[in-house]
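Enquirer: The following file, run_36.txt, comprises compact mmCIF, C-alpha atoms:
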# COMPACT_ATOMS: atom_id res chain seq x y z
CA LEU I 13 -40.63 6.78 -11.09
CA THR I 14 -39.59 3.67 -9.11
CA LEU I 15 -36.79 5.62 -7.41
CA ARG I 16 -39.28 8.28 -6.31
CA VAL I 17 -41.58 5.59 -4.92
CA ALA I 18 -38.67 3.96 -3.10
CA ARG I 19 -37.63 7.29 -1.53
CA ARG I 20 -41.21 7.94 -0.45
CA ALA I 21 -41.43 4.48 1.13
CA ALA I 22 -38.12 5.05 2.92
CA SER I 23 -39.26 8.40 4.35
CA VAL I 24 -42.55 6.87 5.52
CA ALA I 25 -40.64 3.97 7.12
CA SER I 26 -38.25 6.33 8.89
CA THR I 27 -41.10 8.40 10.36
CA ARG I 28 -42.84 5.18 11.41
CA CYS I 29 -39.63 3.93 13.11
CA SER I 30 -39.17 7.15 15.04
CA THR I 31 -42.59 6.79 16.63
CA MET I 32 -42.06 3.12 17.54
CA SER I 33 -40.25 2.20 20.75
CA THR I 34 -37.83 -0.24 19.11
CA VAL I 35 -35.78 1.16 16.24
CA ARG I 36 -34.28 -1.28 13.75
CA LEU I 37 -30.54 -0.66 13.47
CA THR I 38 -28.84 -0.65 10.09
CA GLY I 39 -26.73 -3.74 9.54
CA PHE I 40 -28.97 -5.89 11.71
CA THR I 41 -31.82 -6.32 9.24
CA GLY I 42 -31.50 -10.09 8.97
CA HIS I 43 -31.24 -9.96 5.17
CA PRO I 44 -28.13 -11.88 4.04
CA LYS I 45 -25.98 -9.67 1.83
CA GLY I 46 -25.85 -11.31 -1.58
CA GLU I 47 -22.70 -12.32 -3.43
CA ARG I 48 -23.96 -10.80 -6.68
CA LYS I 49 -25.73 -7.55 -7.46
CA THR I 50 -29.29 -7.71 -8.72
CA GLY I 51 -29.03 -5.10 -11.46
CA LEU I 52 -31.77 -3.03 -9.82
CA ALA I 53 -31.36 0.50 -8.50
CA VAL I 54 -32.95 -0.26 -5.10
CA GLY I 55 -32.73 -2.96 -2.48
CA MET I 56 -30.01 -4.52 -0.36
CA ASP I 57 -28.10 -5.98 -3.31
CA LYS I 58 -28.62 -3.01 -5.62
CA GLY I 59 -26.15 -2.19 -8.36
CA HIS I 60 -24.84 -3.13 -11.76
CA VAL I 61 -24.03 -6.84 -12.29
CA LEU I 62 -20.28 -7.36 -12.79
CA THR I 63 -18.00 -10.33 -13.33
CA SER I 64 -15.23 -10.39 -10.73
CA ARG I 65 -11.67 -10.60 -12.05
CA ASP I 66 -8.80 -12.41 -10.35
CA LEU I 67 -6.11 -9.80 -9.75
CA LYS I 68 -2.50 -10.58 -8.93
CA PRO I 69 -1.47 -9.54 -5.41
CA LYS I 70 -0.18 -6.00 -5.02
CA PRO I 71 3.38 -5.45 -3.76
CA SER I 72 1.97 -3.46 -0.84
CA TYR I 73 0.46 -6.67 0.56
CA ARG I 74 4.04 -7.76 1.43
CA LYS I 75 4.48 -4.78 3.75
CA GLY I 76 5.76 -5.81 7.15
CA LYS I 77 6.86 -9.32 6.10
CA LEU I 78 10.30 -10.06 7.48
CA ASN I 79 12.98 -10.73 4.88
CA LYS I 80 15.77 -13.27 5.60
CA ARG I 81 18.51 -10.70 5.05
CA VAL I 82 16.81 -8.08 7.26
CA ALA I 83 16.41 -10.65 10.04
CA PHE I 84 20.09 -11.56 9.77
CA VAL I 85 21.22 -7.91 9.90
CA ARG I 86 19.01 -7.21 12.92
CA GLU I 87 20.43 -10.26 14.68
CA ILE I 88 24.01 -9.03 14.08
CA VAL I 89 23.15 -5.50 15.26
CA ARG I 90 21.54 -6.89 18.42
CA GLU I 91 24.64 -9.01 19.06
CA VAL I 92 27.01 -6.06 18.65
CA ALA I 93 24.99 -3.25 20.23
CA GLY I 94 23.23 -5.21 22.97
CA TYR I 95 20.04 -4.09 24.69
CA ALA I 96 18.82 -0.59 25.50
CA PRO I 97 18.62 0.38 29.19
CA TYR I 98 14.82 0.19 29.23
CA GLU I 99 15.01 -3.32 27.72
CA LYS I 100 17.45 -4.40 30.45
CA ARG I 101 15.13 -2.99 33.10
CA THR I 102 12.21 -4.83 31.52
CA MET I 103 14.13 -8.10 31.57
CA GLU I 104 14.92 -7.59 35.26
CA LEU I 105 11.24 -6.96 36.00
CA LEU I 106 10.28 -10.09 34.08
CA LYS I 107 12.88 -12.16 36.00
CA VAL I 108 11.30 -11.03 39.27
CA GLY I 109 7.84 -11.81 37.93
CA LYS I 110 6.45 -8.27 37.67
CA GLU I 111 4.90 -8.59 34.21
CA LYS I 112 2.37 -5.80 34.71
CA ARG I 113 5.06 -3.33 35.83
CA ALA I 114 7.18 -4.35 32.84
CA LEU I 115 4.23 -3.64 30.54
CA LYS I 116 3.75 -0.21 32.13
CA VAL I 117 7.44 0.66 31.68
CA LEU I 118 7.36 -0.45 28.06
CA LYS I 119 4.11 1.38 27.32
CA ASN I 120 5.61 4.56 28.71
CA LYS I 121 8.72 4.14 26.53
CA LEU I 122 7.12 2.86 23.31
CA GLY I 123 3.88 4.83 23.29
CA THR I 124 1.22 2.21 22.58
CA HIS I 125 -0.17 -0.80 24.41
CA LYS I 126 0.21 -3.01 21.33
CA ARG I 127 3.92 -2.20 20.90
CA ALA I 128 4.49 -2.70 24.62
CA LYS I 129 2.88 -6.16 24.55
CA ALA I 130 4.96 -7.16 21.53
CA LYS I 131 8.20 -5.98 23.17
CA ARG I 132 7.33 -7.75 26.43
CA GLU I 133 6.84 -11.00 24.51
CA GLU I 134 10.15 -10.43 22.73
CA MET I 135 11.96 -9.83 26.05
CA SER I 136 10.39 -12.88 27.69
CA GLY I 137 11.47 -14.91 24.64
CA VAL I 138 15.05 -13.68 25.12
CA LEU I 139 14.94 -14.70 28.78
CA ARG I 140 13.58 -18.14 27.80
CA ALA I 141 16.43 -18.54 25.30
CA GLN I 142 18.99 -17.56 27.95
CA ARG I 143 17.59 -20.14 30.38
CA THR I 144 17.80 -22.95 27.82
CA LYS I 145 21.47 -22.20 27.01
In C-alpha cells, how does this file's structure come out?

Expert:
Amino acid sequence: LTLRVARRAASVASTRCSTMSTVRLTGFTGHPKGERKTGLAVGMDKGHVLTSRDLKPKPSYRKGKLNKRVAFVREIVREVAGYAPYEKRTMELLKVGKEKRALKVLKNKLGTHKRAKAKREEMSGVLRAQRTK
C-alpha cells in the first residue's frame, strides 16, 4: 500500500514539474545522501540495513603499478635500443621550444591526447637529464 502511494505521489510530482518553468534535476535535490540505509522501501536512503565488512584489497588494484624488475628491464632495453624516430623528432621539437607541435606529432603517433601528454613529459624529462649530465 505504501509503495502504491509513493508511486502515485511521484507521478503527481512529475506532472507538476513538467508544467513548472524550473525543473528540479536529479542529483541536485539538496538532501545529503546518508551513510546508512534506513530500512524503508522508499526515500533517498532506501534499502536494507547492512553492516559493512572490511575486505582485503583485490590483486587487480595493483594493475599498472611499476615493479622494480620491470623498471630495470625497460631501462636496459632503452639503453640498448635507443629512441624511436618519432621520439627523436619530438626531442628536437622540444629543444627548439615547439611544445605544441611536439604534442601534435605525438598525438598523431600514439592515438590519444593523454598518451601524447605523458610521452611529451617523458621526453622533456630525458632532455632535462641530458642537460644536467

Enquirer: Calculate how many Å separate atom CA of Arg74 of chain I from atom CA of Arg86 of chain I, rounding to one decimal.

Expert: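 So the two atoms, atom CA of Arg74 of chain I and atom CA of Arg86 of chain I, lie 18.9 Å apart.
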
Enquirer: Could you tell me which of I:Leu139, I:Asp57, I:Asp66, I:Thr144 comes closest to Gly109 of chain I if we count all atoms listed in the file?

Expert: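 Using all atoms listed in the file, Gly109 of chain I sits closest to I:Leu139.
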
Enquirer: What's around Leu62 of chain I at 10 Å? Count only C-alpha atoms, leave out sequence neighbours fewer than 2 positions away in its own chain, and write the answer as a PDB file with C-alpha atoms, in the frame of the given file.

Expert:
ATOM      1  CA  ARG I  48     -23.960 -10.800  -6.680  1.00  0.00           C
ATOM      2  CA  LYS I  49     -25.730  -7.550  -7.460  1.00  0.00           C
ATOM      3  CA  THR I  50     -29.290  -7.710  -8.720  1.00  0.00           C
ATOM      4  CA  GLY I  51     -29.030  -5.100 -11.460  1.00  0.00           C
ATOM      5  CA  GLY I  59     -26.150  -2.190  -8.360  1.00  0.00           C
ATOM      6  CA  HIS I  60     -24.840  -3.130 -11.760  1.00  0.00           C
ATOM      7  CA  SER I  64     -15.230 -10.390 -10.730  1.00  0.00           C
ATOM      8  CA  ARG I  65     -11.670 -10.600 -12.050  1.00  0.00           C
TER       9      ARG I  65
END

Enquirer: Enter the distance from atom CA of Arg101 of chain I to atom CA of Ala83 of chain I, in Å, rounded to one decimal.

Expert: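 Separating atom CA of Arg101 of chain I from atom CA of Ala83 of chain I is a distance of 24.3 Å.
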
Enquirer: What does the distance from atom CA of Arg127 of chain I to atom CA of Asn79 of chain I come to in Å, to one decimal?

Expert: 20.3 Å

Enquirer: Skipping near chain neighbours, those fewer than 5 positions away, what residues fall within 12 Å of Glu134 of chain I using all atoms listed in the file, listed as an NGL selection string?

Expert: :I and (95 or 99 or 102-103 or 106 or 115 or 118 or 127-129 or 139-141)

Enquirer: What lies within 12 Å of Ala114 of chain I using only C-alpha atoms, ignoring chain neighbours under 2 positions off, as a PyMOL selection string?

Expert: chain I and resi 98-112+116-122+125+128-133+135-136

Enquirer: Could you check which of I:Val92, I:Lys68, I:Gly137, I:Lys58 is closest to Lys45 of chain I, using all atoms listed in the file?

Expert: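 Going through I:Val92, I:Lys68, I:Gly137, I:Lys58 one by one, the smallest distance to Lys45 of chain I is for I:Lys58.
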
Enquirer: Is it possible to add all heavy atoms to segment 87-98 of chain I and hand it back as a PDB file, in the coordinates of the input?

Expert:
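Contents of part.pdb, freshly written:
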ATOM      1  N   GLU I  87      19.806  -9.348  13.708  1.00  0.00           N
ATOM      2  CA  GLU I  87      20.430 -10.260  14.680  1.00  0.00           C
ATOM      3  C   GLU I  87      21.869  -9.830  14.977  1.00  0.00           C
ATOM      4  O   GLU I  87      22.295  -9.803  16.137  1.00  0.00           O
ATOM      5  CB  GLU I  87      20.397 -11.675  14.119  1.00  0.00           C
ATOM      6  CG  GLU I  87      20.915 -12.739  15.063  1.00  0.00           C
ATOM      7  CD  GLU I  87      20.920 -14.110  14.404  1.00  0.00           C
ATOM      8  OE1 GLU I  87      20.024 -14.395  13.586  1.00  0.00           O
ATOM      9  OE2 GLU I  87      21.847 -14.889  14.720  1.00  0.00           O
ATOM     10  N   ILE I  88      22.626  -9.473  13.919  1.00  0.00           N
ATOM     11  CA  ILE I  88      24.010  -9.030  14.080  1.00  0.00           C
ATOM     12  C   ILE I  88      24.069  -7.726  14.874  1.00  0.00           C
ATOM     13  O   ILE I  88      24.898  -7.561  15.790  1.00  0.00           O
ATOM     14  CB  ILE I  88      24.700  -8.846  12.702  1.00  0.00           C
ATOM     15  CG1 ILE I  88      24.758 -10.172  11.948  1.00  0.00           C
ATOM     16  CG2 ILE I  88      26.090  -8.247  12.847  1.00  0.00           C
ATOM     17  CD1 ILE I  88      25.610 -11.232  12.596  1.00  0.00           C
ATOM     18  N   VAL I  89      23.179  -6.786  14.557  1.00  0.00           N
ATOM     19  CA  VAL I  89      23.150  -5.500  15.260  1.00  0.00           C
ATOM     20  C   VAL I  89      22.839  -5.714  16.727  1.00  0.00           C
ATOM     21  O   VAL I  89      23.454  -5.099  17.606  1.00  0.00           O
ATOM     22  CB  VAL I  89      22.128  -4.542  14.599  1.00  0.00           C
ATOM     23  CG1 VAL I  89      21.876  -3.323  15.470  1.00  0.00           C
ATOM     24  CG2 VAL I  89      22.614  -4.103  13.228  1.00  0.00           C
ATOM     25  N   ARG I  90      21.898  -6.600  17.029  1.00  0.00           N
ATOM     26  CA  ARG I  90      21.540  -6.890  18.420  1.00  0.00           C
ATOM     27  C   ARG I  90      22.724  -7.498  19.158  1.00  0.00           C
ATOM     28  O   ARG I  90      22.992  -7.168  20.314  1.00  0.00           O
ATOM     29  CB  ARG I  90      20.344  -7.852  18.435  1.00  0.00           C
ATOM     30  CG  ARG I  90      19.934  -8.326  19.784  1.00  0.00           C
ATOM     31  CD  ARG I  90      19.423  -7.232  20.674  1.00  0.00           C
ATOM     32  NE  ARG I  90      18.051  -6.923  20.377  1.00  0.00           N
ATOM     33  CZ  ARG I  90      17.400  -5.869  20.871  1.00  0.00           C
ATOM     34  NH1 ARG I  90      18.013  -5.047  21.691  1.00  0.00           N
ATOM     35  NH2 ARG I  90      16.155  -5.640  20.562  1.00  0.00           N
ATOM     36  N   GLU I  91      23.472  -8.364  18.459  1.00  0.00           N
ATOM     37  CA  GLU I  91      24.640  -9.010  19.060  1.00  0.00           C
ATOM     38  C   GLU I  91      25.733  -7.997  19.371  1.00  0.00           C
ATOM     39  O   GLU I  91      26.357  -8.051  20.429  1.00  0.00           O
ATOM     40  CB  GLU I  91      25.163 -10.064  18.071  1.00  0.00           C
ATOM     41  CG  GLU I  91      26.084 -11.097  18.673  1.00  0.00           C
ATOM     42  CD  GLU I  91      26.455 -12.153  17.650  1.00  0.00           C
ATOM     43  OE1 GLU I  91      25.542 -12.796  17.089  1.00  0.00           O
ATOM     44  OE2 GLU I  91      27.664 -12.318  17.390  1.00  0.00           O
ATOM     45  N   VAL I  92      25.942  -7.044  18.477  1.00  0.00           N
ATOM     46  CA  VAL I  92      27.010  -6.060  18.650  1.00  0.00           C
ATOM     47  C   VAL I  92      26.598  -4.964  19.628  1.00  0.00           C
ATOM     48  O   VAL I  92      27.350  -4.624  20.544  1.00  0.00           O
ATOM     49  CB  VAL I  92      27.389  -5.431  17.270  1.00  0.00           C
ATOM     50  CG1 VAL I  92      28.350  -4.278  17.443  1.00  0.00           C
ATOM     51  CG2 VAL I  92      27.978  -6.486  16.363  1.00  0.00           C
ATOM     52  N   ALA I  93      25.404  -4.414  19.449  1.00  0.00           N
ATOM     53  CA  ALA I  93      24.990  -3.250  20.230  1.00  0.00           C
ATOM     54  C   ALA I  93      24.399  -3.623  21.589  1.00  0.00           C
ATOM     55  O   ALA I  93      24.449  -2.830  22.523  1.00  0.00           O
ATOM     56  CB  ALA I  93      23.966  -2.440  19.442  1.00  0.00           C
ATOM     57  N   GLY I  94      23.834  -4.808  21.701  1.00  0.00           N
ATOM     58  CA  GLY I  94      23.230  -5.210  22.970  1.00  0.00           C
ATOM     59  C   GLY I  94      21.828  -4.647  23.134  1.00  0.00           C
ATOM     60  O   GLY I  94      21.163  -4.299  22.162  1.00  0.00           O
ATOM     61  N   TYR I  95      21.393  -4.537  24.385  1.00  0.00           N
ATOM     62  CA  TYR I  95      20.040  -4.090  24.690  1.00  0.00           C
ATOM     63  C   TYR I  95      20.063  -2.669  25.231  1.00  0.00           C
ATOM     64  O   TYR I  95      21.006  -2.244  25.883  1.00  0.00           O
ATOM     65  CB  TYR I  95      19.392  -5.030  25.713  1.00  0.00           C
ATOM     66  CG  TYR I  95      19.170  -6.414  25.165  1.00  0.00           C
ATOM     67  CD1 TYR I  95      20.066  -7.449  25.427  1.00  0.00           C
ATOM     68  CD2 TYR I  95      18.078  -6.686  24.361  1.00  0.00           C
ATOM     69  CE1 TYR I  95      19.866  -8.712  24.903  1.00  0.00           C
ATOM     70  CE2 TYR I  95      17.872  -7.944  23.824  1.00  0.00           C
ATOM     71  CZ  TYR I  95      18.767  -8.951  24.102  1.00  0.00           C
ATOM     72  OH  TYR I  95      18.572 -10.185  23.567  1.00  0.00           O
ATOM     73  N   ALA I  96      18.980  -1.951  24.976  1.00  0.00           N
ATOM     74  CA  ALA I  96      18.820  -0.590  25.500  1.00  0.00           C
ATOM     75  C   ALA I  96      18.560  -0.677  27.008  1.00  0.00           C
ATOM     76  O   ALA I  96      18.099  -1.709  27.505  1.00  0.00           O
ATOM     77  CB  ALA I  96      17.649   0.084  24.801  1.00  0.00           C
ATOM     78  N   PRO I  97      18.839   0.403  27.740  1.00  0.00           N
ATOM     79  CA  PRO I  97      18.620   0.380  29.190  1.00  0.00           C
ATOM     80  C   PRO I  97      17.185   0.019  29.599  1.00  0.00           C
ATOM     81  O   PRO I  97      16.992  -0.734  30.560  1.00  0.00           O
ATOM     82  CB  PRO I  97      18.952   1.806  29.623  1.00  0.00           C
ATOM     83  CG  PRO I  97      19.924   2.279  28.602  1.00  0.00           C
ATOM     84  CD  PRO I  97      19.515   1.624  27.323  1.00  0.00           C
ATOM     85  N   TYR I  98      16.197   0.523  28.855  1.00  0.00           N
ATOM     86  CA  TYR I  98      14.820   0.190  29.230  1.00  0.00           C
ATOM     87  C   TYR I  98      14.510  -1.281  28.982  1.00  0.00           C
ATOM     88  O   TYR I  98      13.716  -1.887  29.706  1.00  0.00           O
ATOM     89  CB  TYR I  98      13.818   1.101  28.488  1.00  0.00           C
ATOM     90  CG  TYR I  98      13.506   0.712  27.060  1.00  0.00           C
ATOM     91  CD1 TYR I  98      12.426  -0.105  26.756  1.00  0.00           C
ATOM     92  CD2 TYR I  98      14.303   1.150  26.007  1.00  0.00           C
ATOM     93  CE1 TYR I  98      12.124  -0.456  25.458  1.00  0.00           C
ATOM     94  CE2 TYR I  98      14.011   0.800  24.702  1.00  0.00           C
ATOM     95  CZ  TYR I  98      12.931   0.000  24.440  1.00  0.00           C
ATOM     96  OH  TYR I  98      12.635  -0.358  23.143  1.00  0.00           O
TER      97      TYR I  98
END
